[in-house]
Structure formats: structure tokens, C-alpha cells
Amino acid sequence: MDYVYSIIILIGLFVILASSFNLIIGYGGLISIAHPIFYGLGAYTSGLLARDLGLPVPLSILSGALVAMLLSVAMALPALRISGDYLLIASIGFQLGMIELIKNLRFTGGASGVSGIPAFLVPSFGRGIYVALVSAVAIGVVLLVRWIAHSDYGRAISAMRDDEQAFAALGRDAKWIKVSIFALGSAIAGLAGALYAHYFRFVTAEQFEILMSSTILTMVVVGGLKTPWGPVIGAILLQILPQAITFLNLPPVILGPLQGLLFTGLVLIFMFLRPGGLVRAGNTWRATGAGRGGG
Amino acid sequence: MLEIKGLSKSFGGIIVADQIDLVMRPGRILGLIGPNGAGKTSLFNLVSGLYAPNRGTITLDGEPLDGLALHERARRGLARTWQHVRLFPSLSVLDNLIIGARHYPAESLVILMVRPGKIRAAAKAARAKALDILARIGLPDSADKSVGDLPYGQQKLVGVARALMNDARCLLLDEPMAGVEGQAYEAMQTIVREVAQSGVAVCVVEHNVAFIRDLCDEAVFMFQGRILARGSIAELIANPDLTELYFGH
């Protein structure tokens, strides 16, 4: 049963990650590969604050999200002053640099990682309550992203993504919108990381490597960019499929590569056969309650 | 009043603006004519903040615009349209206009979360204004249409309508009549005239000489980044040197 709980929690965390990444890359049109490191920063910050400084876990979780947000702003602000393209370059440097930093700092446990992170809720209430917590956060994040995307703010995001210069010529500050979206998406990733840390109670830098970017991106693309529910479906599908394959009782020499091929294969299949993903976005932006979603 | 003094800009060896002095007065329509490559759109790009000039100053009602970004100039009352329309394809006609509203606080995520009511009120006001402008340009039934579904002439009208949402003091129109004919042509003339009559300084880049002649109070002739002549459109057309530069014969 513990295994099932862990899978459900991982699905919930990836729903949070994919939805927040969709806000950045889908709705915002901002290309970044640094989402895993903000996930990791949330995990490390929360884990270390709770373990080494004795901060209450709810506060340390919020601190994890806050640190991820602040560092994302520090990274995005200078990059976005120049152009959106620089965000990609900055994100690669930030992702790789932070991973190396974490691996080489003593207080982060170096390559060994951080263990003995205080558990949250599970010792007192059991694992079911943590599943409920992560599920509630995941649903909250999906609804938040949907609300933003179809609010008046979402209209501005859509226009900015369509034509940034024409948008700015109307008096709109595109840079501020981009930084805000990036900060919020990164803070949510940090929140997911903190939730991860207090359930699994052990983190290492390898868990947040650049490879995870492709996993999250695959979830968003397969599920459907610029849709609230697409990343949810993508995250569930791409968490369950690799687990389901393990029940085929294949030898490990086949199983490992097969799981890797699954992600690559799905991306290729969707690129050619259904580029819009499983849930397709509408062509025209609509406000909440004004008909079909999308945009 | 928009005042340009000694404005110069070059890209490497190509001079797009050469010591330009120009005044756009409230309530007046200024035509900007000249052959392709004369620097007319480049001048709009310099004034609106898309390009940074090498030299020169621009003031709007005495307030310097130099060094301000595109969006900051727009907020100070400078609106422009684009030669190739540049509407937002993922938005409906109405939403294209709403996004251009002068007071559109929904670009702040913090305000959205803390004071959503403020945004709703502003959006409601913007919506009412947008519907009013759509009615004025003769497109009241197109509000919910996708902009891509409109004929090109109507898209041009929507581009001008979007710029009007800014309540600008100075309006730069870049080839508003290109590809526009029939009812849209009449509507464009009417709306531009009304805007000027409301006290806005209007400047129009246009190849349609009839449109310039019917609408503009005065015109300037640009060639190779310089202003060669000023006067009424009749005076400029009557000048054989300018006609030769414009038409090549």
C-alpha cells in the first residue's frame, strides 16, 4: 500500500510541476529548462530549514516556495531585459550551475544529498493524509492556472504571446508580465519540491537534473499545451505508464531502455500525429465561463 | 503637441532619419508621404520607441519621451498602428480592443490576486468603450469574431480602433488604407477625422494620395530619411521634382 501511496503522491507532484510549467511555457510562451532546479530548490530549502534550523514544516514548505520564487526572479529579470531568447540560455546556465553548487556545498550534503528530513503529517495521521494534501494542492494549482489563464490577466498573457511589440505599443509592460508568470510558476515548482522532501525525506541533486526538464515538458506536450487539463492527463499518463511496464516482468536489460524509449516515442508520435496534445487548446482566448477554453 | 527636433538614426551606413524636425499639432492631421524606403515607418518606429535614435529629441506636450520604452511612451499618450496590422490572432475582435485600454490594470498578477474586483471594474469599462468604438467604425456585430475571420480592410479598422482605446494625445497611423476599400474606406476616413476633431494630433503615413488629399491639413515629403518639402498635398504634388522622386518619372 505504501508503494501505491508513493505513486499517487508522485503523480500529484508531477501534476503540480506540469501545470506550473504549462503556465510558463504554454500560456506565457517562455522557454526555460530550469523548472527542475526550482523544484529542487524548494526541496532543499524546506528540508534543510526544517532539519537544521528546526523551523516548523508548514513554514519551511512556504520558505521553499519563496526561495524558488526569489531565485527565479533573480535569474529571469536580467535575461528578460534583453529578450525572451536569453531566458533559455540563462535557464540552462542556472540549472547546471545550481546543480553543481548543491553537489559541492557542505551544508547541502554535497553529492550525498540531504537525509533525515522531518516528516510532515505522516507520523501522526498516516500516509493517506499526505495523499490528500498533495492532491488538494495539485487541484488548487490546476484551478489557479486555469483561473489566471482565463482571467483578464490571461487575456494580456495571450496578447503578449501573440505579438510582444504590438502589445507593448498599447502601453502594456510585457517584461513585468513575463517575470511575474515565471516567478509564480517557479514558486509552485518550489512548493512541489518542498512537499516531496517532507514525504520521501531524502533528496539528492541528481533527482533535479536537466533530464527532468524533458520529462515535465513531455507531460505538458503530450497532455496539451495551453490547456488547464492537458498537463494533468500528461502527468498521470507518463507516471503510470512506466510503472505499468514493470508489471510485464521483463528483464531489467529490456525494462530500463523501454521506459526511456516510452518518453521519446510518445513525443515523436504526438509531434507527427497530434501536435496539439491529447487535450487541444482552442484557437481563440475566452474568459472563464464564456464558452470553450483555450488560447 | 508632439515635437521632433534634430532626429537622426542610421543602421550602419543606411540613414533612415537625417536631422528631422517635425511638429504634430492637436486637432490637425499631418500626412507623411514619400517613396518606399524614404524612412516614414522608421520615423514612426523612432517616435514610438521601437528604435533608439542616434541624436535628437522628442517631446509630447513638452514632456521628453527620449529614453522611454515603447510601453512607457504609449502610457504617456502616444498611440500607433502598424503597416501590417499586427492584431492578436488568439483574441477576438473585442478582446483585441480591450487589451489596448488606457486603464487596464490586469497586467499585474498581484492586483489580480489581491484586488480582482478592481480588474473586473476596469475590464467592464474597457469592454463598454470597445463596444462603442466598434459601433463607431461600423463593426458592432464583429465583437466576438476571431480577427482572422475578418476581411483585411476590417482588420485595418480594428487596428485603428485598438489604438483609439488608449485615449492618446498623438496618433500615428502607418498605411491605414493599404488594402482597404468600400465601406471600410469610408469608415476609416470618418474615424480618423473624428479623432482629429477631438483634439488628437494625428500623423498618417499613406501611399493613397487621394486619402491624404481629402483628409490631411498639411503634408511632408520624405526621401532618404530627410524631409524635403512641406505644404498642402496639392502643393507637393504640383512640385515636379517631388513627383519624379515619388513615381520615378
# chains A, B, ... in the order shown; residues from 1 in each chain; ligands from 1
>>> residues_around(residues="range 107-124 of chain B", least_positions_apart="6", cutoff="7 Å", atoms="only C-alpha atoms", output="PyMOL selection string")
chain A and resi 153+156+177+180
>>> write_last_selection(atoms="N, CA and C atoms", output="compact mmCIF listing (two decimals), in the first residue's frame")
# COMPACT_ATOMS: atom_id res chain seq x y z
N TYR A 153 -6.17 38.94 -16.82
CA TYR A 153 -4.71 38.83 -16.89
C TYR A 153 -4.31 37.84 -17.99
N ALA A 156 -4.22 39.36 -21.31
CA ALA A 156 -2.96 40.08 -21.54
C ALA A 156 -1.83 39.11 -21.89
N ILE A 177 5.03 41.20 -16.95
CA ILE A 177 4.14 40.03 -17.04
C ILE A 177 4.97 38.75 -17.12
N SER A 180 6.53 37.95 -13.81
CA SER A 180 5.51 37.50 -12.85
C SER A 180 5.11 36.05 -13.10
>>> interface_residues(of="chain A", to="chain B", cutoff="12 Å", atoms="only C-alpha atoms", output="MDAnalysis selection string")
chainID A and resid 27 81 144:145 147:184 226 281:287 290:291 293:295
>>> residues_around(residues="Thr190 in chain B", least_positions_apart="3", cutoff="12 Å", atoms="only C-alpha atoms", output="list in words")
Arg136, Ile137, Gly138, Leu157, Val160, Gln183, Ala184, Tyr185, Glu186, Ala187, Arg193, Glu194, Val195, Ala196, Gln197, Phe211, Asp214 and Leu215 of chain B
>>> residues_around(residues="Thr215 in chain A", least_positions_apart="2", cutoff="12 Å", atoms="only C-alpha atoms", output="PDB file with N, CA and C atoms, in the first residue's frame")
ATOM      1  N   PHE A  14       3.831  15.677  -9.912  1.00  0.00           N
ATOM      2  CA  PHE A  14       4.083  15.960 -11.331  1.00  0.00           C
ATOM      3  C   PHE A  14       2.926  16.738 -11.968  1.00  0.00           C
ATOM      4  N   VAL A  15       1.727  16.548 -11.458  1.00  0.00           N
ATOM      5  CA  VAL A  15       0.609  17.388 -11.931  1.00  0.00           C
ATOM      6  C   VAL A  15       0.919  18.846 -11.587  1.00  0.00           C
ATOM      7  N   LEU A  17       3.908  20.167 -11.057  1.00  0.00           N
ATOM      8  CA  LEU A  17       5.044  20.617 -11.870  1.00  0.00           C
ATOM      9  C   LEU A  17       4.625  20.899 -13.308  1.00  0.00           C
ATOM     10  N   ALA A  18       3.860  19.967 -13.880  1.00  0.00           N
ATOM     11  CA  ALA A  18       3.463  20.132 -15.288  1.00  0.00           C
ATOM     12  C   ALA A  18       2.534  21.333 -15.455  1.00  0.00           C
ATOM     13  N   PHE A  21       4.584  24.470 -15.121  1.00  0.00           N
ATOM     14  CA  PHE A  21       5.432  24.623 -16.309  1.00  0.00           C
ATOM     15  C   PHE A  21       4.595  25.056 -17.513  1.00  0.00           C
ATOM     16  N   ILE A  33      14.373  25.732 -19.267  1.00  0.00           N
ATOM     17  CA  ILE A  33      14.545  24.313 -18.911  1.00  0.00           C
ATOM     18  C   ILE A  33      14.884  24.173 -17.419  1.00  0.00           C
ATOM     19  N   HIS A  35      12.985  24.357 -14.764  1.00  0.00           N
ATOM     20  CA  HIS A  35      11.915  24.019 -13.814  1.00  0.00           C
ATOM     21  C   HIS A  35      12.366  23.012 -12.750  1.00  0.00           C
ATOM     22  N   PRO A  36      13.148  21.985 -13.121  1.00  0.00           N
ATOM     23  CA  PRO A  36      13.558  21.023 -12.093  1.00  0.00           C
ATOM     24  C   PRO A  36      14.383  21.644 -10.969  1.00  0.00           C
ATOM     25  N   GLN A 207      18.365  14.074  -8.541  1.00  0.00           N
ATOM     26  CA  GLN A 207      16.917  13.986  -8.785  1.00  0.00           C
ATOM     27  C   GLN A 207      16.393  15.187  -9.581  1.00  0.00           C
ATOM     28  N   PHE A 208      17.181  16.267  -9.590  1.00  0.00           N
ATOM     29  CA  PHE A 208      16.684  17.506 -10.201  1.00  0.00           C
ATOM     30  C   PHE A 208      17.524  17.908 -11.413  1.00  0.00           C
ATOM     31  N   GLU A 209      18.137  16.897 -12.039  1.00  0.00           N
ATOM     32  CA  GLU A 209      18.995  17.153 -13.203  1.00  0.00           C
ATOM     33  C   GLU A 209      18.159  17.612 -14.401  1.00  0.00           C
ATOM     34  N   ILE A 210      18.879  18.023 -15.438  1.00  0.00           N
ATOM     35  CA  ILE A 210      18.246  18.598 -16.636  1.00  0.00           C
ATOM     36  C   ILE A 210      17.309  17.604 -17.336  1.00  0.00           C
ATOM     37  N   LEU A 211      17.577  16.291 -17.123  1.00  0.00           N
ATOM     38  CA  LEU A 211      16.749  15.259 -17.749  1.00  0.00           C
ATOM     39  C   LEU A 211      15.281  15.395 -17.320  1.00  0.00           C
ATOM     40  N   MET A 212      15.095  15.873 -16.093  1.00  0.00           N
ATOM     41  CA  MET A 212      13.732  16.016 -15.595  1.00  0.00           C
ATOM     42  C   MET A 212      12.946  17.057 -16.402  1.00  0.00           C
ATOM     43  N   SER A 213      13.676  18.016 -16.978  1.00  0.00           N
ATOM     44  CA  SER A 213      13.018  19.015 -17.822  1.00  0.00           C
ATOM     45  C   SER A 213      12.264  18.341 -18.955  1.00  0.00           C
ATOM     46  N   LEU A 217       8.367  18.481 -19.682  1.00  0.00           N
ATOM     47  CA  LEU A 217       7.961  19.019 -20.988  1.00  0.00           C
ATOM     48  C   LEU A 217       7.109  18.001 -21.748  1.00  0.00           C
ATOM     49  N   THR A 218       7.530  16.722 -21.678  1.00  0.00           N
ATOM     50  CA  THR A 218       6.768  15.669 -22.359  1.00  0.00           C
ATOM     51  C   THR A 218       5.353  15.605 -21.805  1.00  0.00           C
ATOM     52  N   MET A 219       5.233  15.722 -20.494  1.00  0.00           N
ATOM     53  CA  MET A 219       3.893  15.676 -19.878  1.00  0.00           C
ATOM     54  C   MET A 219       3.011  16.805 -20.416  1.00  0.00           C
ATOM     55  N   VAL A 220       3.608  17.986 -20.538  1.00  0.00           N
ATOM     56  CA  VAL A 220       2.831  19.150 -20.996  1.00  0.00           C
ATOM     57  C   VAL A 220       2.470  19.004 -22.472  1.00  0.00           C
ATOM     58  N   VAL A 221       3.462  18.596 -23.273  1.00  0.00           N
ATOM     59  CA  VAL A 221       3.232  18.496 -24.727  1.00  0.00           C
ATOM     60  C   VAL A 221       2.247  17.367 -25.051  1.00  0.00           C
ATOM     61  N   VAL A 222       2.444  16.210 -24.430  1.00  0.00           N
ATOM     62  CA  VAL A 222       1.551  15.081 -24.691  1.00  0.00           C
ATOM     63  C   VAL A 222       0.147  15.396 -24.180  1.00  0.00           C
ATOM     64  N   PRO A 231      -1.919  19.097 -19.047  1.00  0.00           N
ATOM     65  CA  PRO A 231      -0.779  18.657 -18.233  1.00  0.00           C
ATOM     66  C   PRO A 231      -1.170  17.655 -17.150  1.00  0.00           C
ATOM     67  N   GLY A 234      -1.321  14.435 -19.003  1.00  0.00           N
ATOM     68  CA  GLY A 234       0.051  14.080 -19.359  1.00  0.00           C
ATOM     69  C   GLY A 234       0.825  13.552 -18.166  1.00  0.00           C
ATOM     70  N   ALA A 235       0.680  14.202 -17.030  1.00  0.00           N
ATOM     71  CA  ALA A 235       1.411  13.776 -15.825  1.00  0.00           C
ATOM     72  C   ALA A 235       0.932  12.414 -15.357  1.00  0.00           C
ATOM     73  N   LEU A 237      -0.579  10.065 -17.144  1.00  0.00           N
ATOM     74  CA  LEU A 237      -0.204   9.057 -18.155  1.00  0.00           C
ATOM     75  C   LEU A 237       1.274   8.693 -18.057  1.00  0.00           C
ATOM     76  N   LEU A 238       2.101   9.702 -17.965  1.00  0.00           N
ATOM     77  CA  LEU A 238       3.543   9.449 -18.007  1.00  0.00           C
ATOM     78  C   LEU A 238       4.118   9.027 -16.648  1.00  0.00           C
ATOM     79  N   GLN A 239       3.328   9.067 -15.624  1.00  0.00           N
ATOM     80  CA  GLN A 239       3.744   8.466 -14.366  1.00  0.00           C
ATOM     81  C   GLN A 239       3.269   7.017 -14.280  1.00  0.00           C
ATOM     82  N   PRO A 242       5.215   4.105 -17.147  1.00  0.00           N
ATOM     83  CA  PRO A 242       6.468   3.443 -16.766  1.00  0.00           C
ATOM     84  C   PRO A 242       6.279   2.452 -15.621  1.00  0.00           C
ATOM     85  N   GLN A 259      11.533   1.963 -20.816  1.00  0.00           N
ATOM     86  CA  GLN A 259      10.922   3.116 -20.137  1.00  0.00           C
ATOM     87  C   GLN A 259      11.447   4.435 -20.726  1.00  0.00           C
ATOM     88  N   GLY A 260      12.759   4.430 -21.050  1.00  0.00           N
ATOM     89  CA  GLY A 260      13.337   5.629 -21.671  1.00  0.00           C
ATOM     90  C   GLY A 260      12.742   5.891 -23.039  1.00  0.00           C
ATOM     91  N   LEU A 261      12.591   4.793 -23.795  1.00  0.00           N
ATOM     92  CA  LEU A 261      12.033   4.915 -25.153  1.00  0.00           C
ATOM     93  C   LEU A 261      10.589   5.388 -25.153  1.00  0.00           C
ATOM     94  N   LEU A 262       9.902   5.063 -24.075  1.00  0.00           N
ATOM     95  CA  LEU A 262       8.494   5.427 -23.956  1.00  0.00           C
ATOM     96  C   LEU A 262       8.307   6.938 -24.089  1.00  0.00           C
ATOM     97  N   PHE A 263       9.137   7.695 -23.379  1.00  0.00           N
ATOM     98  CA  PHE A 263       9.025   9.157 -23.411  1.00  0.00           C
ATOM     99  C   PHE A 263       9.357   9.687 -24.807  1.00  0.00           C
ATOM    100  N   THR A 264      10.502   9.212 -25.345  1.00  0.00           N
ATOM    101  CA  THR A 264      10.915   9.669 -26.674  1.00  0.00           C
ATOM    102  C   THR A 264       9.862   9.312 -27.715  1.00  0.00           C
ATOM    103  N   LEU A 266       6.661   8.682 -27.336  1.00  0.00           N
ATOM    104  CA  LEU A 266       5.419   9.449 -27.199  1.00  0.00           C
ATOM    105  C   LEU A 266       5.553  10.846 -27.781  1.00  0.00           C
ATOM    106  N   VAL A 267       6.710  11.487 -27.504  1.00  0.00           N
ATOM    107  CA  VAL A 267       6.925  12.838 -28.040  1.00  0.00           C
ATOM    108  C   VAL A 267       6.892  12.796 -29.565  1.00  0.00           C
TER     109      VAL A 267
END
>>> decode(residues="range 10-130 of chain A", atoms="C-alpha atoms", output="short mmCIF file (atom, residue, chain, number, x, y, z; two decimals), in the first residue's frame")
data_model
loop_
_atom_site.label_atom_id
_atom_site.label_comp_id
_atom_site.auth_asym_id
_atom_site.auth_seq_id
_atom_site.Cartn_x
_atom_site.Cartn_y
_atom_site.Cartn_z
CA LEU A 10 4.42 11.42 -7.28
CA ILE A 11 1.55 11.77 -9.75
CA GLY A 12 0.21 14.68 -7.71
CA LEU A 13 3.62 16.35 -7.58
CA PHE A 14 4.08 15.96 -11.33
CA VAL A 15 0.61 17.39 -11.93
CA ILE A 16 1.76 20.44 -9.94
CA LEU A 17 5.04 20.62 -11.87
CA ALA A 18 3.46 20.13 -15.29
CA SER A 19 0.69 22.66 -14.60
CA SER A 20 3.12 25.30 -13.37
CA PHE A 21 5.43 24.62 -16.31
CA ASN A 22 2.45 24.97 -18.63
CA LEU A 23 1.84 28.43 -17.18
CA ILE A 24 5.41 29.39 -18.11
CA ILE A 25 5.96 27.65 -21.44
CA GLY A 26 2.40 27.16 -22.67
CA TYR A 27 0.45 30.22 -21.68
CA GLY A 28 3.44 32.54 -21.26
CA GLY A 29 5.44 31.25 -24.24
CA LEU A 30 8.63 31.48 -22.15
CA ILE A 31 11.18 28.81 -22.99
CA SER A 32 13.03 27.62 -19.91
CA ILE A 33 14.54 24.31 -18.91
CA ALA A 34 15.18 25.28 -15.29
CA HIS A 35 11.91 24.02 -13.81
CA PRO A 36 13.56 21.02 -12.09
CA ILE A 37 16.05 23.19 -10.25
CA PHE A 38 13.26 25.30 -8.74
CA TYR A 39 11.62 22.04 -7.71
CA GLY A 40 14.96 21.06 -6.18
CA LEU A 41 15.50 24.43 -4.51
CA GLY A 42 12.12 24.11 -2.82
CA ALA A 43 13.01 20.60 -1.64
CA TYR A 44 16.46 21.53 -0.33
CA THR A 45 15.36 24.80 1.29
CA SER A 46 12.41 23.27 3.08
CA GLY A 47 14.30 20.13 4.09
CA LEU A 48 17.32 21.99 5.45
CA LEU A 49 15.31 24.68 7.27
CA ALA A 50 13.18 22.06 9.00
CA ARG A 51 16.02 19.67 9.77
CA ASP A 52 18.89 22.02 10.68
CA LEU A 53 17.09 25.11 12.00
CA GLY A 54 14.04 23.40 13.45
CA LEU A 55 11.61 25.57 11.51
CA PRO A 56 8.03 24.24 11.65
CA VAL A 57 7.40 22.23 8.50
CA PRO A 58 4.49 24.35 7.16
CA LEU A 59 6.74 27.41 7.39
CA SER A 60 9.68 25.62 5.82
CA ILE A 61 7.43 24.48 2.93
CA LEU A 62 6.38 28.07 2.30
CA SER A 63 10.02 29.16 2.57
CA GLY A 64 10.93 26.60 -0.09
CA ALA A 65 8.40 28.13 -2.47
CA LEU A 66 9.57 31.64 -1.59
CA VAL A 67 13.27 30.88 -2.20
CA ALA A 68 12.42 29.28 -5.56
CA MET A 69 10.41 32.36 -6.48
CA LEU A 70 13.11 34.85 -5.45
CA LEU A 71 15.85 32.99 -7.28
CA SER A 72 13.68 32.68 -10.38
CA VAL A 73 13.20 36.44 -10.40
CA ALA A 74 16.95 36.97 -9.94
CA MET A 75 17.54 34.69 -12.92
CA ALA A 76 14.76 35.94 -15.20
CA LEU A 77 14.98 39.68 -14.63
CA PRO A 78 18.33 40.34 -16.34
CA ALA A 79 17.59 37.78 -19.09
CA LEU A 80 14.17 39.19 -19.92
CA ARG A 81 15.52 42.73 -20.06
CA ILE A 82 17.20 41.69 -23.29
CA SER A 83 14.80 39.24 -24.89
CA GLY A 84 12.86 36.05 -24.27
CA ASP A 85 15.55 34.02 -26.04
CA TYR A 86 18.04 34.89 -23.32
CA LEU A 87 15.78 33.26 -20.76
CA LEU A 88 16.52 29.87 -22.32
CA ILE A 89 20.26 30.50 -22.20
CA ALA A 90 20.06 31.83 -18.64
CA SER A 91 17.93 28.87 -17.57
CA ILE A 92 20.46 26.37 -18.91
CA GLY A 93 23.27 28.11 -17.06
CA PHE A 94 21.23 28.44 -13.88
CA GLN A 95 20.10 24.82 -13.94
CA LEU A 96 23.59 23.43 -14.49
CA GLY A 97 25.29 25.92 -12.16
CA MET A 98 22.92 25.36 -9.24
CA ILE A 99 23.18 21.59 -9.53
CA GLU A 100 26.98 21.84 -9.33
CA LEU A 101 26.71 24.26 -6.41
CA ILE A 102 24.42 21.92 -4.49
CA LYS A 103 26.73 18.99 -5.17
CA ASN A 104 29.73 20.88 -3.82
CA LEU A 105 28.40 22.71 -0.78
CA ARG A 106 28.82 21.14 2.64
CA PHE A 107 25.52 22.29 4.13
CA THR A 108 23.57 20.77 1.25
CA GLY A 109 25.21 17.43 1.91
CA GLY A 110 27.29 17.52 -1.26
CA ALA A 111 26.82 14.61 -3.61
CA SER A 112 25.35 12.51 -0.79
CA GLY A 113 22.31 14.76 -0.56
CA VAL A 114 20.17 15.54 2.46
CA SER A 115 18.66 12.76 4.54
CA GLY A 116 16.68 12.72 7.75
CA ILE A 117 14.32 15.44 6.60
CA PRO A 118 11.47 15.74 9.14
CA ALA A 119 8.31 14.01 8.01
CA PHE A 120 5.12 16.04 7.82
CA LEU A 121 1.68 14.76 8.88
CA VAL A 122 2.51 11.11 8.09
CA PRO A 123 3.78 10.09 11.60
CA SER A 124 0.62 11.45 13.24
CA PHE A 125 -2.07 10.84 10.66
CA GLY A 126 -0.71 8.22 8.27
CA ARG A 127 0.17 8.34 4.59
CA GLY A 128 -3.40 8.85 3.43
CA ILE A 129 -3.46 12.39 4.78
CA TYR A 130 -0.36 13.27 2.76
#
